[in-house]
>>> print(open('my_file00.txt').read())   # compact mmCIF, C-alpha atoms
# COMPACT_ATOMS: atom_id res chain seq x y z
CA MET U 209 -18.40 93.40 54.29
CA THR U 210 -16.27 95.96 52.45
CA SER U 211 -16.94 96.50 48.78
CA ASP U 212 -13.64 94.74 47.84
CA ALA U 213 -14.51 91.73 49.97
CA ARG U 214 -18.05 91.60 48.64
CA LEU U 215 -16.90 91.84 45.02
CA ALA U 216 -14.19 89.21 45.58
CA ASN U 217 -16.75 86.82 47.09
CA GLU U 218 -19.31 87.46 44.33
CA ALA U 219 -16.62 86.93 41.66
CA TRP U 220 -15.49 83.69 43.34
CA GLU U 221 -19.04 82.36 43.56
CA ALA U 222 -19.76 83.15 39.90
CA TYR U 223 -16.42 81.61 38.81
CA TYR U 224 -16.97 78.51 40.95
CA ARG U 225 -20.57 77.98 39.80
CA ALA U 226 -19.65 78.44 36.13
CA GLN U 227 -16.76 75.98 36.40
CA ALA U 228 -18.82 73.42 38.31
CA THR U 229 -21.80 73.68 35.97
CA ILE U 230 -19.75 73.40 32.78
CA GLY U 231 -17.60 70.67 34.38
CA ASN U 232 -20.75 68.65 35.10
CA GLU U 233 -21.89 69.20 31.53
CA PHE U 234 -18.59 67.77 30.29
CA ALA U 235 -18.72 64.83 32.72
CA GLU U 236 -22.22 63.91 31.52
CA ALA U 237 -21.36 64.27 27.81
CA ASP U 238 -21.20 61.15 25.67
CA ILE U 239 -17.57 61.75 24.69
CA TRP U 240 -15.53 59.66 27.12
CA GLU U 241 -15.94 56.22 25.55
CA ASP U 242 -15.31 53.92 28.53
CA LEU U 243 -13.07 56.35 30.45
CA LEU U 244 -13.76 58.18 33.67
CA THR U 245 -12.91 61.88 33.43
CA ARG U 246 -9.98 61.39 35.87
CA GLU U 247 -8.66 58.56 33.69
CA TYR U 248 -8.76 60.87 30.69
CA ALA U 249 -6.98 63.53 32.74
CA VAL U 250 -4.11 61.07 33.29
CA LEU U 251 -3.95 60.21 29.59
CA TYR U 252 -3.93 63.93 28.79
CA ALA U 253 -1.18 64.65 31.32
CA LEU U 254 0.93 61.90 29.77
CA SER U 255 0.24 62.97 26.18
CA THR U 256 3.06 65.52 26.14
CA GLU U 257 5.48 63.46 28.23
CA LEU U 258 7.19 60.94 25.94
CA ASP U 259 9.34 59.64 28.79
CA GLY U 260 6.30 59.47 31.06
CA LEU U 261 5.80 60.79 34.58
CA ARG U 262 6.18 59.29 38.02
CA ILE U 263 2.96 58.41 39.81
CA THR U 264 3.54 61.23 42.30
CA GLN U 265 3.86 63.75 39.45
CA LEU U 266 0.66 62.45 37.87
CA GLY U 267 -1.20 62.65 41.17
CA GLU U 268 -0.12 66.25 41.61
CA ASP U 269 -1.12 67.08 38.03
CA VAL U 270 -4.64 65.61 38.25
CA LEU U 271 -5.10 66.29 41.99
CA LEU U 272 -5.35 62.72 43.25
CA THR U 273 -3.73 61.14 46.30
CA GLN U 274 -0.98 58.55 45.88
CA PRO U 275 -3.27 55.57 46.71
CA GLY U 276 -6.01 56.87 44.40
CA MET U 277 -3.52 57.43 41.60
CA SER U 278 -2.01 53.97 42.05
CA ARG U 279 -5.44 52.34 41.69
CA LEU U 280 -6.27 54.49 38.65
CA ILE U 281 -2.94 53.61 36.99
CA ALA U 282 -3.53 49.91 37.67
CA ARG U 283 -6.91 50.13 35.89
CA LEU U 284 -5.42 51.94 32.91
CA GLU U 285 -2.51 49.50 32.78
CA ALA U 286 -4.89 46.51 32.84
CA ARG U 287 -6.70 48.01 29.83
CA GLY U 288 -3.43 48.46 27.96
CA LEU U 289 -3.55 52.26 27.91
CA VAL U 290 -0.44 52.94 30.03
CA GLU U 291 2.70 51.05 30.92
CA ARG U 292 5.39 51.27 33.56
CA ALA U 293 8.92 51.98 32.40
CA ASP U 294 12.24 52.27 34.18
CA ASP U 295 13.17 55.74 35.34
CA ALA U 296 16.56 56.72 33.89
CA ASP U 297 17.10 59.14 36.80
CA ASP U 298 16.24 56.73 39.63
CA ALA U 299 16.62 52.95 39.32
CA ARG U 300 14.13 52.45 42.19
CA ALA U 301 11.36 54.42 40.47
CA LYS U 302 9.06 53.74 37.55
CA ARG U 303 7.60 56.18 35.07
CA ILE U 304 4.11 55.84 33.66
CA ARG U 305 3.77 56.42 29.94
CA LEU U 306 1.14 55.99 27.28
CA THR U 307 1.04 52.88 25.15
CA ASP U 308 0.14 53.24 21.47
CA ALA U 309 -3.44 52.30 22.39
CA GLY U 310 -3.42 54.91 25.17
CA ARG U 311 -2.13 57.58 22.80
CA ASP U 312 -4.83 56.70 20.24
CA THR U 313 -7.53 56.79 22.92
CA GLN U 314 -6.28 60.12 24.29
CA ARG U 315 -6.29 61.69 20.84
CA ARG U 316 -9.73 60.38 19.93
CA VAL U 317 -11.39 61.36 23.21
CA GLY U 318 -9.37 64.59 23.26
CA ARG U 319 -10.78 65.66 19.88
CA ASN U 320 -14.32 65.08 21.18
CA PHE U 321 -13.54 66.90 24.44
CA ALA U 322 -11.92 69.84 22.62
CA GLY U 323 -15.02 70.15 20.44
CA ARG U 324 -17.25 70.14 23.52
CA ILE U 325 -15.03 72.74 25.22
CA THR U 326 -15.18 74.95 22.15
CA GLN U 327 -18.96 74.65 22.03
CA ALA U 328 -19.40 75.44 25.73
CA MET U 329 -16.95 78.33 25.80
CA THR U 330 -18.01 80.05 22.57
CA ARG U 331 -21.78 79.87 23.02
CA ALA U 332 -21.69 82.74 25.54
CA LEU U 333 -18.25 84.35 25.17
CA THR U 334 -16.63 86.33 22.39
CA PRO U 335 -13.01 85.69 21.40
CA GLN U 336 -11.99 88.82 23.34
CA GLN U 337 -13.83 87.59 26.44
CA LEU U 338 -12.16 84.18 26.10
CA GLU U 339 -8.76 85.88 26.02
CA THR U 340 -9.69 87.88 29.11
CA LEU U 341 -10.92 84.75 30.91
CA ARG U 342 -7.71 82.90 30.04
CA ASP U 343 -5.55 85.80 31.22
CA LEU U 344 -7.51 86.25 34.44
CA SER U 345 -7.35 82.53 35.20
CA LEU U 346 -3.60 82.48 34.58
CA ALA U 347 -3.21 85.51 36.85
CA LEU U 348 -5.18 83.77 39.61
CA LEU U 349 -3.03 80.67 39.23
CA ALA U 350 0.18 82.72 39.26
CA GLY U 351 -0.95 84.42 42.47
CA ALA U 352 -1.93 81.19 44.22
CA SER U 353 0.29 79.89 47.00
CA GLY U 354 1.38 76.53 48.29
CA PRO U 355 2.96 73.44 46.74
CA LYS U 356 -0.17 72.42 44.82
CA ALA U 357 -0.29 75.83 43.15
CA ALA U 358 3.33 75.45 42.04
CA VAL U 359 2.56 72.00 40.61
CA GLN U 360 -0.40 73.34 38.66
CA GLN U 361 1.67 76.24 37.35
CA ARG U 362 4.37 73.82 36.15
CA ALA U 363 1.75 71.56 34.56
CA LEU U 364 0.40 74.50 32.58
CA GLU U 365 3.88 75.54 31.50
CA ARG U 366 4.54 72.00 30.18
CA LYS U 367 1.40 72.25 28.04
CA GLN U 368 2.31 75.63 26.50
>>> encode(input="my_file00.txt", output="C-alpha cells")
Amino acid sequence: MTSDARLANEAWEAYYRAQATIGNEFAEADIWEDLLTREYAVLYALSTELDGLRITQLGEDVLLTQPGMSRLIARLEARGLVERADDADDARAKRIRLTDAGRDTQRRVGRNFAGRITQAMTRALTPQQLETLRDLSLALLAGASGPKAAVQQRALERKQ
C-alpha cells in the first residue's frame, strides 16, 4: 500500500472507531428519557423547521428508509410529540412538525445531549483541536459524493 493509501486508511479507521465509541457512549447515557436516539434525531431535525418537513426529507436527514421513518413518525405521533400538517406546496403531501410537547421534549433532551457532547469532546481535545476537527469533518462532507451526501450537506446548512 502506498503511504497515501495507508495514511488514508489509518485516518479512516481512527475516525470511524472514535465516532462509533463516542456514539455508543451517547446511546447508553441516561439522557434520552423514553426516546430512542433515532426518535430524538427526528425531533432535532424538526426543531428548526417551523413548517415541518416531509417524511422523505426527514428520512434523508436521519438516514432512515421511508418505511422505517413512517413507523417512527407513527410512534412519535401516538405519543403526541409530532403532528401531520397540510403541505402548502403540495395538497397531496403532509408535513411533519413538532407539537408543543415535542418541542419541550426536544429542548429538554437536547440540553442533556449537548452537555454530554461537550463533556465527551472537551475531555481530550483543546478548543483549537475541536475547530480543526469541525473543519476537517466539514471538508470531508463537502467532498463526499452522491445524493445522500448532498442531503447531509443541506441539513448542516439549515442548522447553521
>>> closest_atom_pairs(input="my_file00.txt", of="range 255-290 of chain U", to="range 314-321 of chain U", cutoff="12 Å", atoms="all atoms listed in the file", output="tab-separated table")
residue	atom	partner	partner_atom	distance
U:Ser255	CA	U:Gln314	CA	7.4
U:Thr256	CA	U:Gln314	CA	10.9
U:Leu284	CA	U:Gln314	CA	11.9
U:Leu289	CA	U:Gln314	CA	9.1
U:Val290	CA	U:Gln314	CA	10.9
>>> closest_residue(input="my_file00.txt", among="U:Arg311, U:Lys302, U:Arg324, U:Arg279", to="Tyr252 in chain U", atoms="all atoms listed in the file")
U:Arg311
>>> atom_distance(input="my_file00.txt", atom1="CA of Ala219 in chain U", atom2="CA of Leu344 in chain U")
11.6 Å
>>> residues_around(input="my_file00.txt", residues="Arg246 in chain U", least_positions_apart="3", cutoff="10 Å", atoms="only C-alpha atoms", output="list of chain:residue names")
U:Ala235, U:Leu243, U:Ala249, U:Val250, U:Leu251, U:Tyr252, U:Val270, U:Leu271, U:Leu272, U:Met277, U:Leu280
>>> residues_around(input="my_file00.txt", residues="Thr326 in chain U", least_positions_apart="6", cutoff="12 Å", atoms="all atoms listed in the file", output="ChimeraX atom specification")
/U:230,234,318-320,332-335,338
>>> axis_aligned_box(input="my_file00.txt", around="range 241-245 of chain U", padding_each_side="3 Å", output="JSON")
{"center_x": -14.4, "center_y": 57.9, "center_z": 29.6, "size_x": 9.0, "size_y": 14.0, "size_z": 14.1}
>>> closest_residue(input="my_file00.txt", among="U:Ala282, U:Leu266, U:Ala237, U:Leu346", to="Ala253 in chain U", atoms="only C-alpha atoms")
U:Leu266
>>> closest_residue(input="my_file00.txt", among="U:Leu341, U:Ala358, U:Ala222, U:Ile263", to="Asp295 in chain U", atoms="only C-alpha atoms")
U:Ile263
>>> atom_distance(input="my_file00.txt", atom1="CA of Ile281 in chain U", atom2="CA of Tyr224 in chain U")
28.9 Å
>>> atom_distance(input="my_file00.txt", atom1="CA of Leu244 in chain U", atom2="CA of Arg331 in chain U")
25.5 Å
>>> residues_around(input="my_file00.txt", residues="Ala296 in chain U", least_positions_apart="5", cutoff="12 Å", atoms="all atoms listed in the file", output="list of chain:residue names")
U:Asp259, U:Gly260, U:Leu261, U:Arg262, U:Ala301, U:Lys302, U:Arg303
>>> closest_residue(input="my_file00.txt", among="U:Thr245, U:Thr307, U:Gln274, U:Thr330", to="Ala286 in chain U", atoms="all atoms listed in the file")
U:Thr307
>>> closest_residue(input="my_file00.txt", among="U:Arg214, U:Arg305, U:Arg300, U:Arg292", to="Leu258 in chain U", atoms="all atoms listed in the file")
U:Arg305
>>> closest_residue(input="my_file00.txt", among="U:Thr229, U:Ala299, U:Ile304, U:Asp242", to="Thr264 in chain U", atoms="all atoms listed in the file")
U:Ile304
>>> residues_around(input="my_file00.txt", residues="Ala347 in chain U", least_positions_apart="5", cutoff="12 Å", atoms="all atoms listed in the file", output="ChimeraX atom specification")
/U:340-342,352,357,361
>>> build_atoms(input="my_file00.txt", residues="range 231-251 of chain U", atoms="N, CA, C and O atoms", output="JSON list (two decimals), in the frame of the given file")
[["chain", "number", "residue", "atom", "x", "y", "z"],
["U", 231, "GLY", "N", -18.28, 71.94, 34.09],
["U", 231, "GLY", "CA", -17.60, 70.67, 34.38],
["U", 231, "GLY", "C", -18.57, 69.51, 34.44],
["U", 231, "GLY", "O", -18.29, 68.42, 33.91],
["U", 232, "ASN", "N", -19.72, 69.70, 35.07],
["U", 232, "ASN", "CA", -20.75, 68.65, 35.10],
["U", 232, "ASN", "C", -21.28, 68.35, 33.71],
["U", 232, "ASN", "O", -21.54, 67.20, 33.37],
["U", 233, "GLU", "N", -21.44, 69.39, 32.91],
["U", 233, "GLU", "CA", -21.89, 69.20, 31.53],
["U", 233, "GLU", "C", -20.90, 68.32, 30.77],
["U", 233, "GLU", "O", -21.29, 67.41, 30.05],
["U", 234, "PHE", "N", -19.62, 68.58, 30.95],
["U", 234, "PHE", "CA", -18.59, 67.77, 30.29],
["U", 234, "PHE", "C", -18.63, 66.33, 30.81],
["U", 234, "PHE", "O", -18.54, 65.38, 30.03],
["U", 235, "ALA", "N", -18.73, 66.17, 32.12],
["U", 235, "ALA", "CA", -18.72, 64.83, 32.72],
["U", 235, "ALA", "C", -19.89, 63.99, 32.22],
["U", 235, "ALA", "O", -19.76, 62.78, 32.05],
["U", 236, "GLU", "N", -21.02, 64.63, 31.97],
["U", 236, "GLU", "CA", -22.22, 63.91, 31.52],
["U", 236, "GLU", "C", -22.27, 63.73, 30.00],
["U", 236, "GLU", "O", -23.12, 62.99, 29.50],
["U", 237, "ALA", "N", -21.35, 64.35, 29.29],
["U", 237, "ALA", "CA", -21.36, 64.27, 27.81],
["U", 237, "ALA", "C", -20.97, 62.86, 27.36],
["U", 237, "ALA", "O", -20.19, 62.17, 28.01],
["U", 238, "ASP", "N", -21.49, 62.47, 26.24],
["U", 238, "ASP", "CA", -21.20, 61.15, 25.67],
["U", 238, "ASP", "C", -19.94, 61.24, 24.79],
["U", 238, "ASP", "O", -19.99, 61.04, 23.58],
["U", 239, "ILE", "N", -18.82, 61.57, 25.43],
["U", 239, "ILE", "CA", -17.57, 61.75, 24.69],
["U", 239, "ILE", "C", -16.42, 60.93, 25.25],
["U", 239, "ILE", "O", -15.35, 60.87, 24.66],
["U", 240, "TRP", "N", -16.62, 60.26, 26.37],
["U", 240, "TRP", "CA", -15.53, 59.66, 27.12],
["U", 240, "TRP", "C", -15.26, 58.21, 26.76],
["U", 240, "TRP", "O", -14.35, 57.60, 27.31],
["U", 241, "GLU", "N", -16.02, 57.64, 25.86],
["U", 241, "GLU", "CA", -15.94, 56.22, 25.55],
["U", 241, "GLU", "C", -16.10, 55.46, 26.86],
["U", 241, "GLU", "O", -17.08, 55.64, 27.55],
["U", 242, "ASP", "N", -15.16, 54.65, 27.26],
["U", 242, "ASP", "CA", -15.31, 53.92, 28.53],
["U", 242, "ASP", "C", -14.38, 54.47, 29.61],
["U", 242, "ASP", "O", -14.07, 53.78, 30.57],
["U", 243, "LEU", "N", -13.97, 55.73, 29.48],
["U", 243, "LEU", "CA", -13.07, 56.35, 30.45],
["U", 243, "LEU", "C", -13.83, 57.17, 31.48],
["U", 243, "LEU", "O", -14.85, 57.79, 31.14],
["U", 244, "LEU", "N", -13.32, 57.20, 32.69],
["U", 244, "LEU", "CA", -13.76, 58.18, 33.67],
["U", 244, "LEU", "C", -13.02, 59.48, 33.34],
["U", 244, "LEU", "O", -11.93, 59.46, 32.76],
["U", 245, "THR", "N", -13.57, 60.61, 33.75],
["U", 245, "THR", "CA", -12.91, 61.88, 33.43],
["U", 245, "THR", "C", -11.51, 61.95, 34.05],
["U", 245, "THR", "O", -10.59, 62.50, 33.45],
["U", 246, "ARG", "N", -11.32, 61.40, 35.25],
["U", 246, "ARG", "CA", -9.98, 61.39, 35.87],
["U", 246, "ARG", "C", -9.01, 60.52, 35.07],
["U", 246, "ARG", "O", -7.83, 60.80, 35.00],
["U", 247, "GLU", "N", -9.52, 59.42, 34.51],
["U", 247, "GLU", "CA", -8.66, 58.56, 33.69],
["U", 247, "GLU", "C", -8.22, 59.32, 32.44],
["U", 247, "GLU", "O", -7.05, 59.26, 32.05],
["U", 248, "TYR", "N", -9.15, 60.05, 31.84],
["U", 248, "TYR", "CA", -8.76, 60.87, 30.69],
["U", 248, "TYR", "C", -7.74, 61.92, 31.10],
["U", 248, "TYR", "O", -6.79, 62.20, 30.36],
["U", 249, "ALA", "N", -7.91, 62.51, 32.28],
["U", 249, "ALA", "CA", -6.98, 63.53, 32.74],
["U", 249, "ALA", "C", -5.56, 62.96, 32.83],
["U", 249, "ALA", "O", -4.59, 63.65, 32.49],
["U", 250, "VAL", "N", -5.42, 61.72, 33.24],
["U", 250, "VAL", "CA", -4.11, 61.07, 33.29],
["U", 250, "VAL", "C", -3.56, 60.89, 31.87],
["U", 250, "VAL", "O", -2.40, 61.19, 31.60],
["U", 251, "LEU", "N", -4.40, 60.39, 30.98],
["U", 251, "LEU", "CA", -3.95, 60.21, 29.59],
["U", 251, "LEU", "C", -3.52, 61.55, 29.00],
["U", 251, "LEU", "O", -2.50, 61.64, 28.30]]
